[in-house]
$ cat run-v4.cif   # mmCIF, C-alpha atoms
data_run
#
loop_
_atom_site.label_atom_id
_atom_site.label_comp_id
_atom_site.auth_asym_id
_atom_site.auth_seq_id
_atom_site.Cartn_x
_atom_site.Cartn_y
_atom_site.Cartn_z
CA MET V 1 -77.86 -46.72 13.65
CA ALA V 2 -79.51 -44.31 16.10
CA TYR V 3 -82.87 -45.85 15.21
CA VAL V 4 -81.65 -49.45 15.48
CA LEU V 5 -80.48 -48.63 18.99
CA GLY V 6 -83.22 -46.16 19.78
CA ILE V 7 -86.40 -48.11 19.08
CA PRO V 8 -85.63 -51.13 21.34
CA LEU V 9 -84.23 -48.75 23.95
CA LEU V 10 -87.40 -46.65 23.91
CA MET V 11 -89.53 -49.79 24.17
CA LEU V 12 -87.54 -50.93 27.21
CA LEU V 13 -87.78 -47.48 28.79
CA ALA V 14 -91.57 -47.45 28.30
CA ILE V 15 -91.79 -50.89 29.91
CA PHE V 16 -89.63 -49.77 32.85
CA GLN V 17 -91.79 -46.67 33.21
CA SER V 18 -94.95 -48.74 33.46
CA ALA V 19 -93.76 -51.88 35.24
CA LEU V 20 -91.19 -50.55 37.69
CA LEU V 21 -91.37 -46.81 38.22
CA GLY V 22 -94.88 -46.92 39.66
CA ASN V 23 -93.16 -48.38 42.73
CA PHE V 24 -90.51 -45.66 43.00
CA GLN V 25 -92.38 -42.45 43.52
CA PHE V 26 -91.51 -39.19 45.20
CA LEU V 27 -94.90 -37.87 46.29
CA GLU V 28 -96.68 -38.88 43.07
CA GLY V 29 -93.83 -37.89 40.80
CA ARG V 30 -91.55 -40.26 38.95
CA PRO V 31 -88.82 -39.88 36.38
CA ASP V 32 -89.95 -39.61 32.77
CA LEU V 33 -87.44 -41.89 31.11
CA ILE V 34 -88.47 -41.36 27.51
CA LEU V 35 -88.56 -37.59 27.94
CA LEU V 36 -85.03 -37.74 29.36
CA ALA V 37 -83.90 -39.94 26.47
CA VAL V 38 -85.33 -37.54 23.87
CA ILE V 39 -83.75 -34.49 25.55
CA GLY V 40 -80.49 -36.31 26.19
CA TRP V 41 -80.11 -37.61 22.63
CA GLY V 42 -81.00 -34.18 21.25
CA LEU V 43 -78.43 -32.44 23.41
CA ALA V 44 -75.85 -35.09 22.58
CA GLY V 45 -76.02 -33.91 19.00
CA GLY V 46 -78.79 -35.94 17.42
CA SER V 47 -81.65 -33.50 17.50
CA GLU V 48 -83.31 -34.71 14.29
CA GLU V 49 -83.13 -38.31 15.50
CA ALA V 50 -84.44 -37.16 18.88
CA MET V 51 -87.59 -35.88 17.17
CA VAL V 52 -88.15 -39.34 15.66
CA TRP V 53 -87.41 -40.84 19.10
CA GLY V 54 -90.12 -38.52 20.40
CA LEU V 55 -92.65 -39.92 17.91
CA VAL V 56 -91.74 -43.56 18.62
CA GLY V 57 -91.34 -43.12 22.39
CA GLY V 58 -94.66 -41.31 22.57
CA ILE V 59 -96.39 -44.19 20.79
CA PHE V 60 -94.91 -46.72 23.23
CA LEU V 61 -95.97 -44.58 26.22
CA ASP V 62 -99.49 -44.10 24.89
CA MET V 63 -99.88 -47.84 24.35
CA LEU V 64 -99.35 -48.28 28.09
CA SER V 65 -101.68 -45.50 29.09
CA GLY V 66 -105.28 -44.42 28.90
CA VAL V 67 -104.54 -41.47 26.62
CA PRO V 68 -105.02 -41.72 22.83
CA ILE V 69 -102.05 -42.91 20.79
CA GLY V 70 -100.22 -39.99 19.22
CA SER V 71 -100.95 -37.39 21.90
CA THR V 72 -97.71 -37.87 23.83
CA SER V 73 -95.80 -38.14 20.55
CA ILE V 74 -96.87 -34.61 19.61
CA THR V 75 -95.54 -33.30 22.92
CA LEU V 76 -92.26 -35.18 22.61
CA ILE V 77 -91.71 -34.09 18.99
CA LEU V 78 -92.19 -30.48 20.08
CA ILE V 79 -89.73 -31.00 22.94
CA GLY V 80 -87.28 -32.53 20.47
CA THR V 81 -87.70 -29.41 18.34
CA LEU V 82 -87.12 -27.21 21.37
CA VAL V 83 -83.89 -29.08 22.10
CA SER V 84 -82.75 -28.73 18.49
CA ILE V 85 -82.79 -24.94 18.87
CA TYR V 86 -80.00 -25.19 21.43
CA GLU V 87 -78.02 -27.99 19.84
CA ASP V 88 -74.42 -27.10 19.08
CA ARG V 89 -74.94 -23.54 20.30
CA ILE V 90 -74.80 -23.11 24.03
CA TRP V 91 -74.61 -26.65 25.37
CA GLU V 92 -70.94 -27.14 24.66
CA ALA V 93 -70.13 -23.97 26.55
CA ASN V 94 -72.68 -24.13 29.32
CA PHE V 95 -73.21 -27.17 31.51
CA LEU V 96 -76.42 -25.64 32.86
CA MET V 97 -78.04 -26.04 29.47
CA PRO V 98 -79.19 -29.67 30.00
CA LEU V 99 -80.77 -28.60 33.28
CA GLY V 100 -82.55 -25.65 31.68
CA THR V 101 -83.76 -27.77 28.77
CA THR V 102 -84.91 -30.56 31.09
CA LEU V 103 -86.74 -28.06 33.29
CA ALA V 104 -88.53 -26.51 30.32
CA GLY V 105 -89.09 -29.93 28.71
CA SER V 106 -90.52 -31.51 31.88
CA LEU V 107 -92.89 -28.64 32.51
CA LEU V 108 -94.03 -28.60 28.88
CA PHE V 109 -94.42 -32.41 28.89
CA HIS V 110 -96.62 -32.46 31.98
CA ILE V 111 -98.64 -29.37 31.13
CA MET V 112 -99.40 -30.78 27.69
CA SER V 113 -100.28 -34.15 29.30
CA LEU V 114 -102.73 -32.32 31.52
CA GLY V 115 -104.07 -30.55 28.44
CA VAL V 116 -104.76 -33.95 26.85
CA ILE V 117 -106.46 -35.09 30.06
CA LEU V 118 -108.65 -31.97 29.92
CA LEU V 119 -109.48 -32.61 26.26
CA LEU V 120 -110.54 -36.14 27.21
CA GLY V 121 -113.17 -34.51 29.40
CA ARG V 122 -111.58 -35.38 32.72
CA GLU V 123 -111.37 -33.02 35.64
CA VAL V 124 -107.98 -31.59 36.56
CA ASP V 125 -106.91 -30.14 39.89
CA TRP V 126 -104.07 -27.91 38.76
CA ALA V 127 -102.79 -27.12 42.25
CA TYR V 128 -102.70 -30.78 43.20
CA ALA V 129 -101.16 -31.78 39.87
CA PHE V 130 -98.42 -29.17 40.23
CA SER V 131 -97.57 -29.82 43.86
CA ARG V 132 -97.83 -33.61 43.87
CA VAL V 133 -96.93 -34.68 40.34
CA ILE V 134 -95.38 -32.06 38.08
CA LEU V 135 -92.89 -30.45 40.46
CA PRO V 136 -91.67 -33.74 42.03
CA SER V 137 -91.33 -35.33 38.56
CA THR V 138 -89.46 -32.29 37.27
CA PHE V 139 -87.15 -32.42 40.29
CA ILE V 140 -86.34 -36.10 39.65
CA ASN V 141 -85.85 -35.41 35.94
CA LEU V 142 -83.42 -32.62 36.80
CA LEU V 143 -81.44 -34.98 39.04
CA LEU V 144 -81.16 -37.47 36.19
CA ALA V 145 -80.58 -34.94 33.40
CA LEU V 146 -76.80 -34.59 33.58
CA PRO V 147 -75.99 -38.33 33.91
CA THR V 148 -78.43 -39.11 31.08
CA VAL V 149 -76.92 -36.54 28.72
CA GLN V 150 -73.40 -37.72 29.57
CA ALA V 151 -74.32 -41.38 29.03
CA LEU V 152 -76.08 -40.70 25.74
CA LYS V 153 -73.22 -38.47 24.61
CA ALA V 154 -70.79 -41.31 25.30
CA ILE V 155 -72.96 -43.73 23.32
CA ARG V 156 -73.27 -41.24 20.45
CA ASN V 157 -69.50 -40.70 20.38
CA ARG V 158 -69.05 -44.45 20.08
CA LEU V 159 -71.63 -44.73 17.31
CA TYR V 160 -70.47 -41.64 15.45
CA PRO V 161 -66.84 -40.90 16.44
CA PRO V 162 -66.11 -37.20 15.99
CA GLU V 163 -63.91 -36.38 13.03
CA VAL V 164 -60.42 -35.23 13.97
CA GLU V 165 -58.19 -33.15 11.75
CA ILE V 166 -54.63 -34.49 11.53
CA MET K 1 -90.88 -19.39 -2.90
CA ARG K 2 -88.90 -19.85 0.31
CA ARG K 3 -87.55 -23.36 0.84
CA LEU K 4 -88.34 -25.11 4.09
CA SER K 5 -85.31 -26.09 6.13
CA PRO K 6 -84.85 -29.86 6.52
CA ARG K 7 -85.49 -29.59 10.26
CA VAL K 8 -88.85 -27.84 9.79
CA LEU K 9 -89.74 -30.45 7.19
CA ILE K 10 -88.93 -33.30 9.59
CA VAL K 11 -90.97 -31.74 12.41
CA THR K 12 -93.91 -31.17 10.07
CA ILE K 13 -93.83 -34.75 8.78
CA LEU K 14 -93.50 -36.22 12.30
CA LEU K 15 -96.34 -34.06 13.63
CA MET K 16 -98.52 -35.12 10.72
CA ILE K 17 -97.77 -38.79 11.44
CA ALA K 18 -98.59 -38.27 15.15
CA LEU K 19 -101.82 -36.45 14.29
CA SER K 20 -102.83 -39.19 11.85
CA LEU K 21 -102.21 -41.81 14.55
CA LEU K 22 -104.26 -39.78 16.99
CA ILE K 23 -107.18 -39.52 14.56
CA LEU K 24 -106.98 -43.23 13.64
CA ASN K 25 -106.85 -44.14 17.34
CA LEU K 26 -109.82 -41.96 18.24
CA SER K 27 -111.84 -43.49 15.42
CA GLY K 28 -110.91 -47.00 16.54
CA PHE K 29 -109.02 -48.08 13.42
CA LEU K 30 -105.74 -48.57 15.27
CA GLN K 31 -106.92 -51.41 17.54
CA PRO K 32 -105.77 -54.33 15.28
CA VAL K 33 -102.34 -52.76 14.81
CA GLN K 34 -102.12 -52.03 18.52
CA ASN K 35 -102.95 -55.66 19.30
CA LEU K 36 -100.15 -56.78 17.01
CA VAL K 37 -97.53 -54.33 18.25
CA ALA K 38 -98.49 -54.82 21.89
CA ARG K 39 -97.92 -58.58 21.83
CA PRO K 40 -94.07 -58.50 22.11
CA ILE K 41 -94.19 -55.46 24.41
CA ILE K 42 -96.59 -57.15 26.82
CA THR K 43 -94.55 -60.37 26.75
CA VAL K 44 -91.43 -58.44 27.79
CA GLN K 45 -93.38 -56.34 30.27
CA SER K 46 -94.95 -59.42 31.92
CA TRP K 47 -91.49 -60.95 32.21
CA PHE K 48 -90.14 -57.81 33.87
CA ALA K 49 -93.17 -57.35 36.11
CA LEU K 50 -92.95 -60.92 37.44
CA ARG K 51 -89.20 -60.70 38.10
CA PHE K 52 -89.54 -57.32 39.68
CA SER K 53 -92.37 -58.49 41.89
CA ALA K 54 -90.27 -61.46 43.05
CA LEU K 55 -87.22 -59.23 43.58
CA ARG K 56 -89.26 -56.73 45.57
CA ASP K 57 -90.54 -59.52 47.80
CA VAL K 58 -87.01 -60.79 48.42
CA LEU K 59 -85.61 -57.34 49.12
CA SER K 60 -88.44 -56.21 51.32
CA SER K 61 -88.08 -59.09 53.79
CA PRO K 62 -85.10 -60.88 55.32
CA ARG K 63 -84.40 -64.31 53.83
CA ASP K 64 -85.14 -66.23 57.06
CA MET K 65 -88.52 -64.51 57.25
CA ALA K 66 -89.65 -65.84 53.90
CA THR K 67 -91.34 -68.94 55.34
CA LEU K 68 -93.10 -66.96 58.04
CA ARG K 69 -94.17 -64.40 55.51
CA GLY K 70 -95.63 -67.13 53.33
CA GLU K 71 -97.54 -68.46 56.30
CA VAL K 72 -98.81 -64.99 57.19
CA ASN K 73 -99.91 -64.49 53.59
CA ARG K 74 -101.76 -67.79 53.64
CA LEU K 75 -103.48 -66.91 56.91
CA GLU K 76 -104.31 -63.43 55.68
CA ALA K 77 -105.85 -64.87 52.55
CA GLU K 78 -107.78 -67.37 54.65
CA ASN K 79 -108.89 -64.59 56.97
CA ALA K 80 -110.00 -62.47 54.02
CA LEU K 81 -112.00 -65.41 52.65
CA LEU K 82 -113.63 -66.03 56.01
CA GLN K 83 -114.49 -62.37 56.33
CA GLN K 84 -116.01 -62.45 52.86
CA GLU K 85 -117.99 -65.48 53.93
CA ILE K 86 -119.22 -63.69 57.06
CA ILE K 87 -120.22 -60.68 54.99
CA SER K 88 -121.97 -62.91 52.51
CA LEU K 89 -123.77 -64.79 55.30
CA ARG K 90 -124.85 -61.56 56.98
CA GLU K 91 -126.09 -60.23 53.70
CA GLN K 92 -127.92 -63.44 52.99
CA ALA K 93 -129.47 -63.40 56.45
CA ALA K 94 -130.61 -59.81 56.06
CA GLU K 95 -131.94 -60.50 52.62
CA ALA K 96 -133.65 -63.65 53.74
CA ASP K 97 -135.44 -61.74 56.50
CA VAL K 98 -136.82 -59.20 54.07
CA LEU K 99 -137.64 -61.60 51.29
CA ALA K 100 -139.09 -64.28 53.51
CA ALA K 101 -141.36 -61.72 55.08
CA LEU K 102 -142.53 -60.45 51.71
CA LEU K 103 -142.48 -63.36 49.34
CA ASN K 104 -141.27 -66.37 51.27
CA TYR K 105 -138.67 -66.53 48.61
CA ALA K 106 -135.04 -67.46 48.93
CA ARG K 107 -132.82 -65.91 46.39
CA SER K 108 -130.04 -68.01 44.99
CA GLN K 109 -126.99 -66.12 43.96
CA PRO K 110 -124.95 -67.56 41.12
CA GLN K 111 -121.30 -68.11 42.00
CA SER K 112 -118.94 -65.68 40.35
CA ARG K 113 -116.31 -67.08 38.03
CA TYR K 114 -112.88 -65.55 38.46
CA LEU K 115 -109.91 -65.24 36.17
CA ALA K 116 -106.66 -64.60 38.03
CA THR K 117 -104.23 -62.39 36.18
CA ASN K 118 -100.99 -60.59 36.94
CA VAL K 119 -100.64 -56.85 37.26
CA ILE K 120 -97.97 -56.05 34.67
CA GLY K 121 -97.80 -52.31 35.03
CA ARG K 122 -99.36 -49.00 35.88
CA ASP K 123 -100.62 -46.28 33.64
CA VAL K 124 -97.60 -44.25 32.57
CA SER K 125 -99.65 -41.07 32.91
CA PRO K 126 -99.58 -39.96 36.54
CA PHE K 127 -102.95 -38.30 35.98
CA ILE K 128 -104.84 -41.51 35.21
CA ARG K 129 -105.25 -44.10 37.97
CA SER K 130 -105.31 -47.39 36.15
CA ILE K 131 -103.31 -50.59 35.97
CA LEU K 132 -102.41 -52.94 33.15
CA ILE K 133 -103.19 -56.62 33.59
CA GLY K 134 -101.67 -59.47 31.63
CA GLY K 135 -104.92 -60.84 30.23
CA GLY K 136 -107.01 -59.57 27.36
CA SER K 137 -109.66 -60.66 24.90
CA ASP K 138 -107.63 -63.84 24.18
CA ALA K 139 -108.27 -64.86 27.81
CA GLY K 140 -111.98 -64.04 27.63
CA ILE K 141 -111.83 -60.63 29.28
CA SER K 142 -114.20 -58.00 27.99
CA ARG K 143 -114.85 -54.34 28.70
CA GLY K 144 -116.71 -53.51 31.89
CA MET K 145 -115.87 -56.68 33.80
CA PRO K 146 -115.35 -55.96 37.51
CA VAL K 147 -111.91 -56.59 38.97
CA VAL K 148 -111.38 -57.58 42.60
CA THR K 149 -108.84 -59.00 44.99
CA SER K 150 -109.57 -61.18 47.99
CA ARG K 151 -109.88 -57.91 49.94
CA GLY K 152 -112.45 -56.25 47.75
CA LEU K 153 -113.24 -54.22 44.66
CA ILE K 154 -110.43 -52.52 42.80
CA GLY K 155 -112.11 -51.34 39.60
CA ARG K 156 -113.31 -52.46 36.21
CA VAL K 157 -111.87 -53.28 32.83
CA GLU K 158 -111.86 -50.13 30.74
CA GLU K 159 -109.92 -51.12 27.62
CA VAL K 160 -109.29 -54.60 26.24
CA PHE K 161 -106.61 -55.64 23.78
CA ALA K 162 -105.66 -59.12 22.65
CA THR K 163 -103.03 -59.78 25.30
CA TYR K 164 -103.61 -57.15 27.97
CA SER K 165 -106.26 -54.91 29.44
CA ARG K 166 -106.40 -51.61 31.24
CA VAL K 167 -108.28 -51.59 34.53
CA GLN K 168 -109.61 -48.28 35.78
CA LEU K 169 -109.20 -48.20 39.56
CA ILE K 170 -111.94 -47.01 41.88
CA THR K 171 -109.46 -44.32 43.00
CA ASP K 172 -109.77 -42.69 39.56
CA PRO K 173 -112.15 -39.70 39.61
CA GLU K 174 -113.82 -40.90 36.39
CA ILE K 175 -115.33 -43.94 38.06
CA ALA K 176 -118.50 -44.06 40.20
CA VAL K 177 -119.72 -47.06 42.15
CA ASN K 178 -123.17 -47.54 43.63
CA ILE K 179 -122.65 -48.76 47.17
CA LYS K 180 -124.58 -49.60 50.32
CA PHE K 181 -123.63 -49.60 53.97
CA GLN K 182 -123.85 -53.02 55.54
CA GLU K 183 -125.46 -52.13 58.86
CA SER K 184 -127.54 -49.06 58.11
CA ARG K 185 -128.66 -50.52 54.74
CA THR K 186 -128.62 -47.10 53.14
CA GLU K 187 -127.14 -46.45 49.74
CA GLY K 188 -124.86 -43.88 48.17
CA ILE K 189 -122.49 -43.25 45.30
CA LEU K 190 -118.78 -43.68 45.72
CA THR K 191 -116.44 -41.49 43.72
CA ALA K 192 -112.77 -40.67 44.05
CA GLN K 193 -111.44 -37.19 44.57
CA LEU K 194 -108.65 -35.92 42.34
CA ASN K 195 -106.18 -36.84 45.09
CA GLY K 196 -107.44 -40.43 45.17
CA GLU K 197 -109.50 -40.07 48.35
CA LEU K 198 -112.72 -42.12 48.25
CA ILE K 199 -115.93 -40.27 49.08
CA VAL K 200 -119.47 -41.60 49.31
CA ASP K 201 -122.07 -38.96 48.50
CA LEU K 202 -125.86 -38.80 48.21
CA ILE K 203 -126.43 -40.56 51.54
CA ASP K 204 -129.78 -39.89 53.18
CA LEU K 205 -129.29 -37.22 55.85
CA ASN K 206 -131.43 -39.13 58.37
CA THR K 207 -129.34 -42.29 58.23
CA GLU K 208 -127.14 -42.97 61.25
CA LEU K 209 -123.76 -44.18 60.15
CA SER K 210 -120.91 -45.37 62.31
CA GLN K 211 -117.18 -45.23 61.82
CA GLY K 212 -115.76 -48.53 60.63
CA GLU K 213 -119.01 -49.64 59.04
CA LEU K 214 -118.46 -51.85 56.04
CA VAL K 215 -119.22 -50.54 52.55
CA LEU K 216 -120.35 -52.97 49.85
CA THR K 217 -121.36 -52.65 46.23
CA SER K 218 -125.13 -52.36 45.91
CA GLY K 219 -125.41 -53.73 42.38
CA LEU K 220 -127.59 -50.78 41.35
CA GLY K 221 -126.93 -49.58 37.82
CA GLY K 222 -125.76 -53.00 36.74
CA LYS K 223 -122.09 -52.14 36.52
CA TYR K 224 -120.88 -54.22 39.47
CA PRO K 225 -122.15 -57.38 41.15
CA VAL K 226 -123.79 -57.00 44.52
CA ASP K 227 -121.99 -57.36 47.88
CA ILE K 228 -118.35 -56.89 46.92
CA PRO K 229 -116.53 -55.22 49.83
CA VAL K 230 -115.23 -51.76 48.98
CA GLY K 231 -113.91 -50.48 52.30
CA ARG K 232 -114.90 -49.08 55.67
CA ILE K 233 -116.13 -45.68 56.81
CA LEU K 234 -113.22 -43.53 57.88
CA SER K 235 -115.08 -40.31 58.67
CA ILE K 236 -118.60 -38.95 58.39
CA HIS K 237 -119.44 -35.45 57.17
CA HIS K 238 -122.91 -34.68 58.46
CA ARG K 239 -124.17 -31.09 58.21
CA ASP K 240 -127.80 -30.36 59.00
CA TYR K 241 -128.08 -27.73 56.29
CA ASP K 242 -126.94 -30.10 53.54
CA LEU K 243 -129.28 -32.21 51.45
CA PHE K 244 -127.13 -35.29 51.86
CA GLN K 245 -124.34 -36.49 54.09
CA GLN K 246 -120.96 -37.73 52.90
CA THR K 247 -118.45 -40.22 54.20
CA THR K 248 -114.80 -40.79 53.51
CA ILE K 249 -113.95 -44.40 52.85
CA GLN K 250 -110.79 -46.33 53.64
CA SER K 251 -110.46 -48.96 50.93
CA SER K 252 -109.61 -52.46 52.08
CA VAL K 253 -107.27 -52.84 49.09
CA GLU K 254 -103.70 -51.55 49.00
CA PHE K 255 -103.59 -50.20 45.49
CA ASP K 256 -99.80 -49.75 45.51
CA GLN K 257 -99.19 -53.42 46.30
CA LEU K 258 -101.31 -55.12 43.66
CA ASN K 259 -99.64 -58.19 42.16
CA ILE K 260 -102.47 -60.50 41.18
CA VAL K 261 -106.09 -59.53 40.62
CA LEU K 262 -109.25 -61.45 39.86
CA VAL K 263 -111.49 -60.53 36.94
CA ILE K 264 -115.11 -61.58 37.38
CA THR K 265 -115.76 -63.09 33.98
CA ASN K 266 -119.35 -64.26 34.28
CA PHE K 267 -120.71 -60.83 35.14
CA ARG K 268 -122.13 -58.96 32.18
CA PRO K 269 -122.25 -55.28 33.05
CA LEU K 270 -124.77 -52.89 31.63
CA ILE K 271 -122.84 -50.34 29.60
CA PHE K 272 -124.76 -47.27 28.63
CA GLU K 273 -123.37 -45.49 25.61
CA GLN K 274 -123.21 -41.72 25.73
CA PRO K 275 -125.97 -40.25 23.55
CA ASN K 276 -124.73 -38.37 20.51
CA PRO K 277 -125.10 -34.61 20.95
#
$ encode --input "run-v4.cif" --output "structure tokens"
Amino acid sequence: MAYVLGIPLLMLLAIFQSALLGNFQFLEGRPDLILLAVIGWGLAGGSEEAMVWGLVGGIFLDMLSGVPIGSTSITLILIGTLVSIYEDRIWEANFLMPLGTTLAGSLLFHIMSLGVILLLGREVDWAYAFSRVILPSTFINLLLALPTVQALKAIRNRLYPPEVEI
Amino acid sequence: MRRLSPRVLIVTILLMIALSLLILNLSGFLQPVQNLVARPIITVQSWFALRFSALRDVLSSPRDMATLRGEVNRLEAENALLQQEIISLREQAAEADVLAALLNYARSQPQSRYLATNVIGRDVSPFIRSILIGGGSDAGISRGMPVVTSRGLIGRVEEVFATYSRVQLITDPEIAVNIKFQESRTEGILTAQLNGELIVDLIDLNTELSQGELVLTSGLGGKYPVDIPVGRILSIHHRDYDLFQQTTIQSSVEFDQLNIVLVITNFRPLIFEQPNP
């Protein structure tokens, strides 16, 4: 069920990212919707599905970008794996966990994206990339992290109602 | 032997799939699949992009201003066309002077054929300055075709799929355009800095340039047609100890506000393949 919902959702998020979010920028940063979805679904309890979301979401993103298909998937699968380490351990007890995971995930996502850009033989201005793109994007992602996790948790609870002992 | 946990197994399988896709993509085998998968995505994206563009127009101006805005747009377009015509006439006059003196020969320039297409999105990577347009090989677009608006050059087609194409903007550092200055007639090479600023380099140190001077494509190198406006000189960096002078260019195009672009379809660019090491 998570895949039936997830694949069209990821496609829509990739479309929003390309068609709409270019117009809503803070400096040159913008929210990374698919990254947030992967982290959010992982923290909501579906870490293994989140890894698959990472693969599929990465493919959609790469289709709408100049980077080779598969490169963003690798990053998102690794982020899904990172999230799975924390699943069911600290998150329930610590509301700061989504923020910490989003912070680490955003930084990893953008640094690996820059790595791909470097591998493609393009020049990278690290200072500019950090100050104008990575930090503003991370800030926006942090703002959206808690609502995203809550929303995805609510959806997951509807799809897979938690078992209650009577 | 130690058994792998299911989670490690899943990660390994997913990473192998992603790596396989990456290899297939880099070797060009993924293009037919990408064309197929992209078709529904681009249909949805075009639908969203058009609605969003209309919504943005409505929201960004009061309702009673819509008519006036339309009129202003029409006049601006007309003005841009007239300016293009003036540029073209000036260029023709200058050319005619030179050619008539040398060969008594009047050059006839073939009219460019344009294909208007919508901008349906931007590159999702913030580190690549390119846009996606809603026309691809099905519409007759091919790699290397220059892309313009009524205000001037915006870039060239970098990747073509069946239903959409990716246009690399001139603000992307990977692109270089051979240009000339309209009044001083000198030439240079325009490149973008990593922050998107446009710089013209390799300008003869003895050339006198003036602020506001118009910059046009020179046609050298065969990648762009001649005489497409690129922008105007914003500032000049002239140091006597340098080999060349540089200028910063203000593009005449607002790259954040692109809705419709024109692809020049009858221009066949010269594309030089990188030699194998």
$ interface_residues --input "run-v4.cif" --of "chain K" --to "chain V" --cutoff "8 Å" --atoms "all atoms listed in the file" --output "ChimeraX atom specification"
/K:7,10-11,14-15,18-22,25-26,34,38,41,44-45,48-49,52,120-128,130,132,166,173-174,194-195,256
$ closest_residue --input "run-v4.cif" --among "V:Leu135, V:Leu96, V:Ala151, V:Leu10" --to "V:Ile111" --atoms "only C-alpha atoms"
V:Leu135
$ resolve_selection --input "run-v4.cif" --expression "the PyMOL selection byres ((chain K and resi 263) around 8)" --output "tab-separated table (two decimals) with C-alpha atoms, keeping the file's coordinate frame"
chain	number	residue	atom	x	y	z
K	114	TYR	CA	-112.88	-65.55	38.46
K	115	LEU	CA	-109.91	-65.24	36.17
K	116	ALA	CA	-106.66	-64.60	38.03
K	117	THR	CA	-104.23	-62.39	36.18
K	141	ILE	CA	-111.83	-60.63	29.28
K	145	MET	CA	-115.87	-56.68	33.80
K	146	PRO	CA	-115.35	-55.96	37.51
K	147	VAL	CA	-111.91	-56.59	38.97
K	148	VAL	CA	-111.38	-57.58	42.60
K	261	VAL	CA	-106.09	-59.53	40.62
K	262	LEU	CA	-109.25	-61.45	39.86
K	264	ILE	CA	-115.11	-61.58	37.38
K	265	THR	CA	-115.76	-63.09	33.98
$ atom_distance --input "run-v4.cif" --atom1 "atom CA of V:Pro162" --atom2 "atom CA of V:Trp53"
21.8 Å
$ resolve_selection --input "run-v4.cif" --expression "the PyMOL selection byres ((chain K and resi 154) around 12)" --output "PyMOL selection string"
chain K and resi 129-131+145-153+155-157+167-172+175-177+198+217+224+228-231+251-258+260-264
$ resolve_selection --input "run-v4.cif" --expression "the PyMOL selection byres ((chain K and resi 233-237) around 12)" --output "PyMOL selection string"
chain K and resi 180-184+190+197-205+207-216+229-232+238-252
$ atom_distance --input "run-v4.cif" --atom1 "atom CA of K:Pro32" --atom2 "atom CA of K:Ser142"
15.7 Å
$ atom_distance --input "run-v4.cif" --atom1 "atom CA of K:Gly140" --atom2 "atom CA of K:Thr163"
10.2 Å
$ residues_around --input "run-v4.cif" --residues "V:Thr102" --least-positions-apart "3" --cutoff "10 Å" --atoms "all atoms listed in the file" --output "PyMOL selection string"
chain V and resi 35-36+39-40+79+83+96-99+105-109+138-139+141-146
$ write_last_selection --input "run-v4.cif" --atoms "C-alpha atoms" --output "PDB file, keeping the file's coordinate frame"
ATOM      1  CA  LEU V  35     -88.560 -37.590  27.940  1.00  0.00           C
ATOM      2  CA  LEU V  36     -85.030 -37.740  29.360  1.00  0.00           C
ATOM      3  CA  ILE V  39     -83.750 -34.490  25.550  1.00  0.00           C
ATOM      4  CA  GLY V  40     -80.490 -36.310  26.190  1.00  0.00           C
ATOM      5  CA  ILE V  79     -89.730 -31.000  22.940  1.00  0.00           C
ATOM      6  CA  VAL V  83     -83.890 -29.080  22.100  1.00  0.00           C
ATOM      7  CA  LEU V  96     -76.420 -25.640  32.860  1.00  0.00           C
ATOM      8  CA  MET V  97     -78.040 -26.040  29.470  1.00  0.00           C
ATOM      9  CA  PRO V  98     -79.190 -29.670  30.000  1.00  0.00           C
ATOM     10  CA  LEU V  99     -80.770 -28.600  33.280  1.00  0.00           C
ATOM     11  CA  GLY V 105     -89.090 -29.930  28.710  1.00  0.00           C
ATOM     12  CA  SER V 106     -90.520 -31.510  31.880  1.00  0.00           C
ATOM     13  CA  LEU V 107     -92.890 -28.640  32.510  1.00  0.00           C
ATOM     14  CA  LEU V 108     -94.030 -28.600  28.880  1.00  0.00           C
ATOM     15  CA  PHE V 109     -94.420 -32.410  28.890  1.00  0.00           C
ATOM     16  CA  THR V 138     -89.460 -32.290  37.270  1.00  0.00           C
ATOM     17  CA  PHE V 139     -87.150 -32.420  40.290  1.00  0.00           C
ATOM     18  CA  ASN V 141     -85.850 -35.410  35.940  1.00  0.00           C
ATOM     19  CA  LEU V 142     -83.420 -32.620  36.800  1.00  0.00           C
ATOM     20  CA  LEU V 143     -81.440 -34.980  39.040  1.00  0.00           C
ATOM     21  CA  LEU V 144     -81.160 -37.470  36.190  1.00  0.00           C
ATOM     22  CA  ALA V 145     -80.580 -34.940  33.400  1.00  0.00           C
ATOM     23  CA  LEU V 146     -76.800 -34.590  33.580  1.00  0.00           C
TER      24      LEU V 146
END
$ residues_around --input "run-v4.cif" --residues "V:Leu152" --least-positions-apart "4" --cutoff "7 Å" --atoms "only C-alpha atoms" --output "PDB file with C-alpha atoms, in the coordinates of the input"
ATOM      1  CA  GLY V  40     -80.490 -36.310  26.190  1.00  0.00           C
ATOM      2  CA  TRP V  41     -80.110 -37.610  22.630  1.00  0.00           C
ATOM      3  CA  ALA V  44     -75.850 -35.090  22.580  1.00  0.00           C
ATOM      4  CA  THR V 148     -78.430 -39.110  31.080  1.00  0.00           C
ATOM      5  CA  ARG V 156     -73.270 -41.240  20.450  1.00  0.00           C
TER       6      ARG V 156
END
